[in-house]
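This is coords-v1.txt (compact mmCIF, C-alpha atoms).
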```txt
# COMPACT_ATOMS: atom_id res chain seq x y z
CA MET A 1 4.71 -1.40 64.69
CA LYS A 2 7.46 1.05 63.76
CA PRO A 3 6.84 4.63 62.66
CA ILE A 4 7.41 5.47 59.00
CA VAL A 5 6.60 9.19 59.29
CA SER A 6 8.24 11.46 61.81
CA ILE A 7 6.50 14.66 62.86
CA ILE A 8 8.96 17.14 64.34
CA MET A 9 7.99 20.46 65.87
CA GLY A 10 10.29 23.24 66.97
CA SER A 11 8.24 23.72 70.12
CA THR A 12 5.23 22.07 71.71
CA SER A 13 3.40 25.35 71.12
CA ASP A 14 3.21 24.10 67.49
CA LEU A 15 1.17 21.06 68.55
CA PRO A 16 -2.23 22.45 67.46
CA ILE A 17 -0.88 22.72 63.89
CA LEU A 18 0.77 19.30 63.99
CA LYS A 19 -2.36 17.72 65.47
CA LYS A 20 -3.98 18.12 62.06
CA ALA A 21 -1.12 16.17 60.49
CA ALA A 22 -1.29 13.49 63.18
CA ASP A 23 -5.06 13.17 62.82
CA PHE A 24 -4.77 12.65 59.06
CA LEU A 25 -1.93 10.12 59.33
CA ASN A 26 -3.95 8.27 61.95
CA LYS A 27 -7.02 8.26 59.68
CA MET A 28 -4.90 6.88 56.83
CA GLU A 29 -3.45 4.21 59.20
CA VAL A 30 0.13 5.43 58.76
CA PRO A 31 2.39 4.74 61.77
CA PHE A 32 4.09 7.93 62.95
CA GLU A 33 6.04 9.43 65.81
CA MET A 34 6.01 12.98 67.22
CA ASN A 35 8.89 14.87 68.80
CA ALA A 36 9.86 18.40 69.71
CA LEU A 37 13.36 19.37 68.58
CA SER A 38 14.86 22.78 68.02
CA ALA A 39 17.54 23.53 65.45
CA HIS A 40 18.79 26.31 67.71
CA ARG A 41 18.21 24.97 71.23
CA THR A 42 18.87 21.24 70.70
CA PRO A 43 21.20 21.08 67.67
CA ARG A 44 22.93 17.85 68.76
CA GLU A 45 19.59 16.08 69.17
CA VAL A 46 18.45 17.34 65.76
CA GLU A 47 21.64 16.00 64.18
CA GLU A 48 21.24 12.63 65.91
CA PHE A 49 17.60 12.43 64.80
CA ALA A 50 18.27 13.42 61.19
CA THR A 51 21.30 11.21 60.65
CA ASN A 52 19.57 8.14 62.14
CA ALA A 53 16.02 8.57 60.79
CA GLU A 54 16.50 6.49 57.65
CA GLN A 55 18.08 3.53 59.44
CA ARG A 56 15.21 3.61 61.96
CA GLY A 57 12.76 3.04 59.09
CA ILE A 58 11.44 6.59 58.72
CA LYS A 59 10.35 7.29 55.12
CA VAL A 60 9.12 10.89 55.33
CA ILE A 61 9.73 13.70 57.81
CA ILE A 62 7.26 16.49 58.52
CA ALA A 63 8.98 19.40 60.27
CA ALA A 64 7.26 22.55 61.53
CA ALA A 65 8.86 25.70 62.84
CA GLY A 66 8.18 29.39 63.16
CA MET A 67 10.25 32.56 63.14
CA ALA A 68 13.73 31.68 61.77
CA ALA A 69 12.27 28.24 60.95
CA ALA A 70 15.62 26.53 60.46
CA LEU A 71 14.43 23.09 61.60
CA PRO A 72 13.17 21.65 58.26
CA GLY A 73 16.23 22.87 56.35
CA VAL A 74 18.70 21.65 58.94
CA ILE A 75 17.06 18.22 58.95
CA ALA A 76 17.03 18.13 55.13
CA ALA A 77 20.76 18.93 55.11
CA MET A 78 21.47 15.81 57.16
CA THR A 79 19.20 13.16 55.63
CA PRO A 80 18.35 11.90 52.14
CA LEU A 81 14.71 11.44 53.21
CA PRO A 82 12.00 13.76 51.91
CA VAL A 83 11.31 16.59 54.35
CA ILE A 84 8.02 18.47 54.28
CA GLY A 85 8.24 21.85 55.98
CA ILE A 86 5.36 23.63 57.65
CA PRO A 87 5.92 27.33 58.30
CA VAL A 88 4.25 28.31 61.58
CA ASN A 89 2.59 31.67 62.11
CA SER A 90 4.38 32.85 65.23
CA THR A 91 5.57 36.28 64.04
CA LEU A 92 5.12 38.39 60.90
CA ASP A 93 2.00 36.36 60.03
CA GLY A 94 4.27 33.36 59.38
CA VAL A 95 5.80 34.91 56.27
CA ASP A 96 9.24 34.93 57.90
CA ALA A 97 8.98 31.17 58.50
CA LEU A 98 7.64 30.58 54.99
CA TYR A 99 10.59 32.37 53.39
CA SER A 100 13.05 30.57 55.64
CA ILE A 101 11.71 27.13 54.73
CA VAL A 102 11.04 27.66 51.04
CA GLN A 103 14.34 29.40 50.20
CA MET A 104 16.67 26.42 50.39
CA PRO A 105 20.00 26.30 48.56
CA PRO A 106 20.31 24.13 45.44
CA GLY A 107 20.61 20.44 46.23
CA ILE A 108 18.97 20.63 49.68
CA SER A 109 15.23 20.78 49.11
CA VAL A 110 12.32 21.02 51.51
CA ALA A 111 8.81 20.51 50.17
CA THR A 112 6.96 23.42 51.72
CA VAL A 113 3.24 23.67 52.39
CA GLY A 114 1.29 26.78 53.34
CA ILE A 115 1.52 28.59 56.64
CA ASN A 116 0.05 26.42 59.44
CA ALA A 117 -0.95 23.77 56.85
CA GLY A 118 -0.36 20.68 58.96
CA MET A 119 -3.07 18.74 57.18
CA ASN A 120 -1.53 19.35 53.75
CA ALA A 121 1.87 18.21 55.01
CA ALA A 122 0.31 14.90 56.06
CA VAL A 123 -1.53 14.63 52.73
CA MET A 124 1.78 15.08 50.90
CA ALA A 125 3.46 12.47 53.12
CA VAL A 126 0.67 10.00 52.35
CA GLN A 127 0.96 10.71 48.62
CA ILE A 128 4.69 9.96 48.76
CA LEU A 129 4.17 6.75 50.74
CA ALA A 130 1.25 5.62 48.55
CA LEU A 131 3.59 5.39 45.56
CA SER A 132 4.93 2.14 47.01
CA ASP A 133 1.96 0.99 49.12
CA ALA A 134 -1.12 -0.13 47.19
CA GLU A 135 -3.34 -0.42 50.26
CA LEU A 136 -2.47 3.11 51.37
CA ALA A 137 -3.11 4.32 47.82
CA LYS A 138 -6.62 2.81 48.03
CA ARG A 139 -7.34 4.50 51.35
CA PHE A 140 -6.03 7.80 50.02
CA GLY A 141 -8.11 7.45 46.85
CA ALA A 142 -11.24 6.88 48.93
CA TYR A 143 -10.42 9.99 50.98
CA ARG A 144 -9.96 12.07 47.81
CA ALA A 145 -13.34 10.90 46.53
CA THR A 146 -14.99 12.34 49.65
CA LEU A 147 -13.59 15.78 48.79
CA SER A 148 -15.50 15.89 45.51
CA LYS A 149 -18.68 14.71 47.19
CA LYS A 150 -18.48 17.49 49.78
CA ILE A 151 -18.35 20.15 47.07
CA VAL A 152 -21.14 18.55 45.01
CA ASP A 153 -23.33 18.36 48.13
CA ALA A 154 -22.53 21.96 49.07
CA ASN A 155 -23.38 23.14 45.56
CA ASN A 156 -26.74 21.34 45.72
CA GLU A 157 -27.46 23.00 49.07
CA LEU A 158 -26.72 26.40 47.52
CA LYS A 159 -29.53 25.79 45.04
CA GLU A 160 -31.93 25.89 47.98
CA VAL A 161 -30.72 29.33 49.13
CA LYS A 162 -33.27 31.87 47.93
CA TYR A 163 -32.84 35.57 47.14
CA ASP A 164 -35.20 37.89 45.32
CA PHE A 165 -32.75 38.46 42.50
CA LYS A 166 -30.92 35.13 42.47
CA VAL A 167 -31.37 33.40 39.14
CA ASP A 168 -31.39 29.61 39.24
```
Output the file's structure as structure tokens, nothing else.
Amino acid sequence: MKPIVSIIMGSTSDLPILKKAADFLNKMEVPFEMNALSAHRTPREVEEFATNAEQRGIKVIIAAAGMAAALPGVIAAMTPLPVIGIPVNSTLDGVDALYSIVQMPPGISVATVGINAGMNAAVMAVQILALSDAELAKRFGAYRATLSKKIVDANNELKEVKYDFKVD
């Protein structure tokens, strides 16, 4: 089995955020790989990864980085594949990373999720892949149905919460 999603982190300190992405991809039965690469500390390795990802069968790249957060943009500059950026809260509450990832020049886009939103990055990757994979689309649809059920169940539980002045 070959990976079709690549999860890249700027540092292994980002692993707790990327674990959420890996867990979701695993649940959706999407083959993936995980690597640590730094746009600033391992630029040659980043270039080799980005320029070879498509020919290795990768379809979507999830890239997380904090601070200057150049990694998603640098990868996007070197591959035609969709890149989903995750800004990591390492300094300035992650706003510095968010601005770095979301403010790409015209023609080089990075789909950007919220700060530390590893799960949403994986959800977006699955949505992209499900466009051409009917079985994955079914699994994703079943997952989405559970989201509605959780809220309906929670709302029903709230009906049981009693207060003197709560009107039902």
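When all atoms listed in the file are used to compute distances to Arg144 (chain A), the closest of the residues A:Val126, A:Tyr163, A:Ile101, A:Leu158 turns out to be A:Val126.
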What's the 9 Å shell around Ile4 (chain A), counting all atoms listed in the file, without same-chain residues fewer than 4 positions away, as a compact mmCIF listing (two decimals) with C-alpha atoms, in the coordinates of the input?
```
# COMPACT_ATOMS: atom_id res chain seq x y z
CA VAL A 30 0.13 5.43 58.76
CA PRO A 31 2.39 4.74 61.77
CA PHE A 32 4.09 7.93 62.95
CA GLU A 33 6.04 9.43 65.81
CA ARG A 56 15.21 3.61 61.96
CA GLY A 57 12.76 3.04 59.09
CA ILE A 58 11.44 6.59 58.72
CA LYS A 59 10.35 7.29 55.12
CA VAL A 60 9.12 10.89 55.33
CA ILE A 61 9.73 13.70 57.81
CA LEU A 129 4.17 6.75 50.74
```
Tell me which protein, DNA and RNA residues are within 10 Å of Ile7 (chain A), counting only C-alpha atoms, leaving out same-chain ones fewer than 5 positions away, and put them as a compact mmCIF listing (two decimals) with C-alpha atoms, keeping the file's coordinate frame.
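Contents of the output file selection_5.txt:
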```txt
# COMPACT_ATOMS: atom_id res chain seq x y z
CA LEU A 18 0.77 19.30 63.99
CA LYS A 19 -2.36 17.72 65.47
CA ALA A 21 -1.12 16.17 60.49
CA ALA A 22 -1.29 13.49 63.18
CA PHE A 32 4.09 7.93 62.95
CA GLU A 33 6.04 9.43 65.81
CA MET A 34 6.01 12.98 67.22
CA ASN A 35 8.89 14.87 68.80
CA ALA A 36 9.86 18.40 69.71
CA VAL A 60 9.12 10.89 55.33
CA ILE A 61 9.73 13.70 57.81
CA ILE A 62 7.26 16.49 58.52
CA ALA A 63 8.98 19.40 60.27
CA ALA A 64 7.26 22.55 61.53
CA VAL A 83 11.31 16.59 54.35
CA ILE A 84 8.02 18.47 54.28
CA GLY A 118 -0.36 20.68 58.96
CA ALA A 121 1.87 18.21 55.01
CA ALA A 122 0.31 14.90 56.06
```
Counting all atoms listed in the file, which of A:Lys149, A:Lys159, A:Lys20, A:Lys2 gets nearest to Ile86 (chain A)?
->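 For Ile86 (chain A), the nearest of the candidates is A:Lys20.
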Using all atoms listed in the file, pick whichever of A:Pro80, A:Phe140, A:Ala65, A:Lys150 has the shortest atom-to-atom distance to Ala97 (chain A).
-> A:Ala65
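Across the model, the gap from CA of Ile115 (chain A) to CA of Pro87 (chain A) is 4.9 Å.
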So how many Å separate CA of Gly85 (chain A) and CA of Met119 (chain A), to one decimal?
-> 11.8 Å
What residues have an atom no more than 6 Å from (6.4, 25.5, 51.7) in the file's own frame, counting all atoms listed in the file, and can you write them as a ChimeraX atom specification?
-> /A:85,102,111-114
Residue nearest Asp14 (chain A) among A:Arg44, A:Thr51, A:Asn89, A:Ala68 (counting all atoms listed in the file) =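 Checking each candidate against Asp14 (chain A), we get A:Asn89 as the closest.
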Of the listed residues A:Asn155, A:Thr79, A:Asp133, A:Glu160, that which approaches Glu29 (chain A) most closely, counting only C-alpha atoms | A:Asp133
For CA of Met124 (chain A) and CA of Ala154 (chain A), quote the distance in Å rounded to one decimal.
->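 Calculated distance between CA of Met124 (chain A) and CA of Ala154 (chain A) is 25.3 Å.
Distance annotation: of A:Val5, A:Leu98, A:Ile151, A:Met104, the residue with the minimal separation from Pro82 (chain A) is A:Val5; atom set is all atoms listed in the file.
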Residues at most 12 Å from Arg139 (chain A), counting only C-alpha atoms, excluding those fewer than 2 positions away in the same chain, as a short mmCIF file (atom, residue, chain, number, x, y, z; two decimals) with C-alpha atoms, in the coordinates of the input?
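Now in selection-v4.cif:
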```
data_model
loop_
_atom_site.label_atom_id
_atom_site.label_comp_id
_atom_site.auth_asym_id
_atom_site.auth_seq_id
_atom_site.Cartn_x
_atom_site.Cartn_y
_atom_site.Cartn_z
CA PHE A 24 -4.77 12.65 59.06
CA LEU A 25 -1.93 10.12 59.33
CA ASN A 26 -3.95 8.27 61.95
CA LYS A 27 -7.02 8.26 59.68
CA MET A 28 -4.90 6.88 56.83
CA GLU A 29 -3.45 4.21 59.20
CA VAL A 30 0.13 5.43 58.76
CA VAL A 123 -1.53 14.63 52.73
CA VAL A 126 0.67 10.00 52.35
CA GLN A 127 0.96 10.71 48.62
CA LEU A 129 4.17 6.75 50.74
CA ALA A 130 1.25 5.62 48.55
CA ASP A 133 1.96 0.99 49.12
CA ALA A 134 -1.12 -0.13 47.19
CA GLU A 135 -3.34 -0.42 50.26
CA LEU A 136 -2.47 3.11 51.37
CA ALA A 137 -3.11 4.32 47.82
CA GLY A 141 -8.11 7.45 46.85
CA ALA A 142 -11.24 6.88 48.93
CA TYR A 143 -10.42 9.99 50.98
CA ARG A 144 -9.96 12.07 47.81
CA ALA A 145 -13.34 10.90 46.53
CA THR A 146 -14.99 12.34 49.65
#
```
Output region 145-158 of chain A with N, CA and C atoms present, as an mmCIF file, keeping the file's coordinate frame.
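Okay, this is what ended up in out-v4.cif:
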```cif
data_model
loop_
_atom_site.group_PDB
_atom_site.id
_atom_site.type_symbol
_atom_site.label_atom_id
_atom_site.label_comp_id
_atom_site.auth_asym_id
_atom_site.auth_seq_id
_atom_site.Cartn_x
_atom_site.Cartn_y
_atom_site.Cartn_z
ATOM 1 N N ALA A 145 -11.978 10.947 47.082
ATOM 2 C CA ALA A 145 -13.340 10.900 46.530
ATOM 3 C C ALA A 145 -14.323 11.644 47.430
ATOM 4 N N THR A 146 -14.087 11.620 48.735
ATOM 5 C CA THR A 146 -14.990 12.340 49.650
ATOM 6 C C THR A 146 -14.886 13.846 49.462
ATOM 7 N N LEU A 147 -13.743 14.338 49.002
ATOM 8 C CA LEU A 147 -13.590 15.780 48.790
ATOM 9 C C LEU A 147 -14.517 16.271 47.692
ATOM 10 N N SER A 148 -14.604 15.525 46.606
ATOM 11 C CA SER A 148 -15.500 15.890 45.510
ATOM 12 C C SER A 148 -16.948 15.865 45.973
ATOM 13 N N LYS A 149 -17.297 14.848 46.720
ATOM 14 C CA LYS A 149 -18.680 14.710 47.190
ATOM 15 C C LYS A 149 -19.075 15.886 48.071
ATOM 16 N N LYS A 150 -18.165 16.353 48.911
ATOM 17 C CA LYS A 150 -18.480 17.490 49.780
ATOM 18 C C LYS A 150 -18.835 18.727 48.966
ATOM 19 N N ILE A 151 -18.093 18.966 47.902
ATOM 20 C CA ILE A 151 -18.350 20.150 47.070
ATOM 21 C C ILE A 151 -19.651 19.981 46.286
ATOM 22 N N VAL A 152 -19.889 18.802 45.742
ATOM 23 C CA VAL A 152 -21.140 18.550 45.010
ATOM 24 C C VAL A 152 -22.330 18.748 45.941
ATOM 25 N N ASP A 153 -22.242 18.203 47.154
ATOM 26 C CA ASP A 153 -23.330 18.360 48.130
ATOM 27 C C ASP A 153 -23.531 19.826 48.503
ATOM 28 N N ALA A 154 -22.433 20.540 48.722
ATOM 29 C CA ALA A 154 -22.530 21.960 49.070
ATOM 30 C C ALA A 154 -23.160 22.757 47.939
ATOM 31 N N ASN A 155 -22.809 22.449 46.704
ATOM 32 C CA ASN A 155 -23.380 23.140 45.560
ATOM 33 C C ASN A 155 -24.891 22.875 45.459
ATOM 34 N N ASN A 156 -25.307 21.659 45.732
ATOM 35 C CA ASN A 156 -26.740 21.340 45.720
ATOM 36 C C ASN A 156 -27.475 22.104 46.818
ATOM 37 N N GLU A 157 -26.856 22.239 47.980
ATOM 38 C CA GLU A 157 -27.460 23.000 49.070
ATOM 39 C C GLU A 157 -27.598 24.480 48.701
ATOM 40 N N LEU A 158 -26.639 25.005 47.943
ATOM 41 C CA LEU A 158 -26.720 26.400 47.520
ATOM 42 C C LEU A 158 -27.929 26.650 46.611
#
```
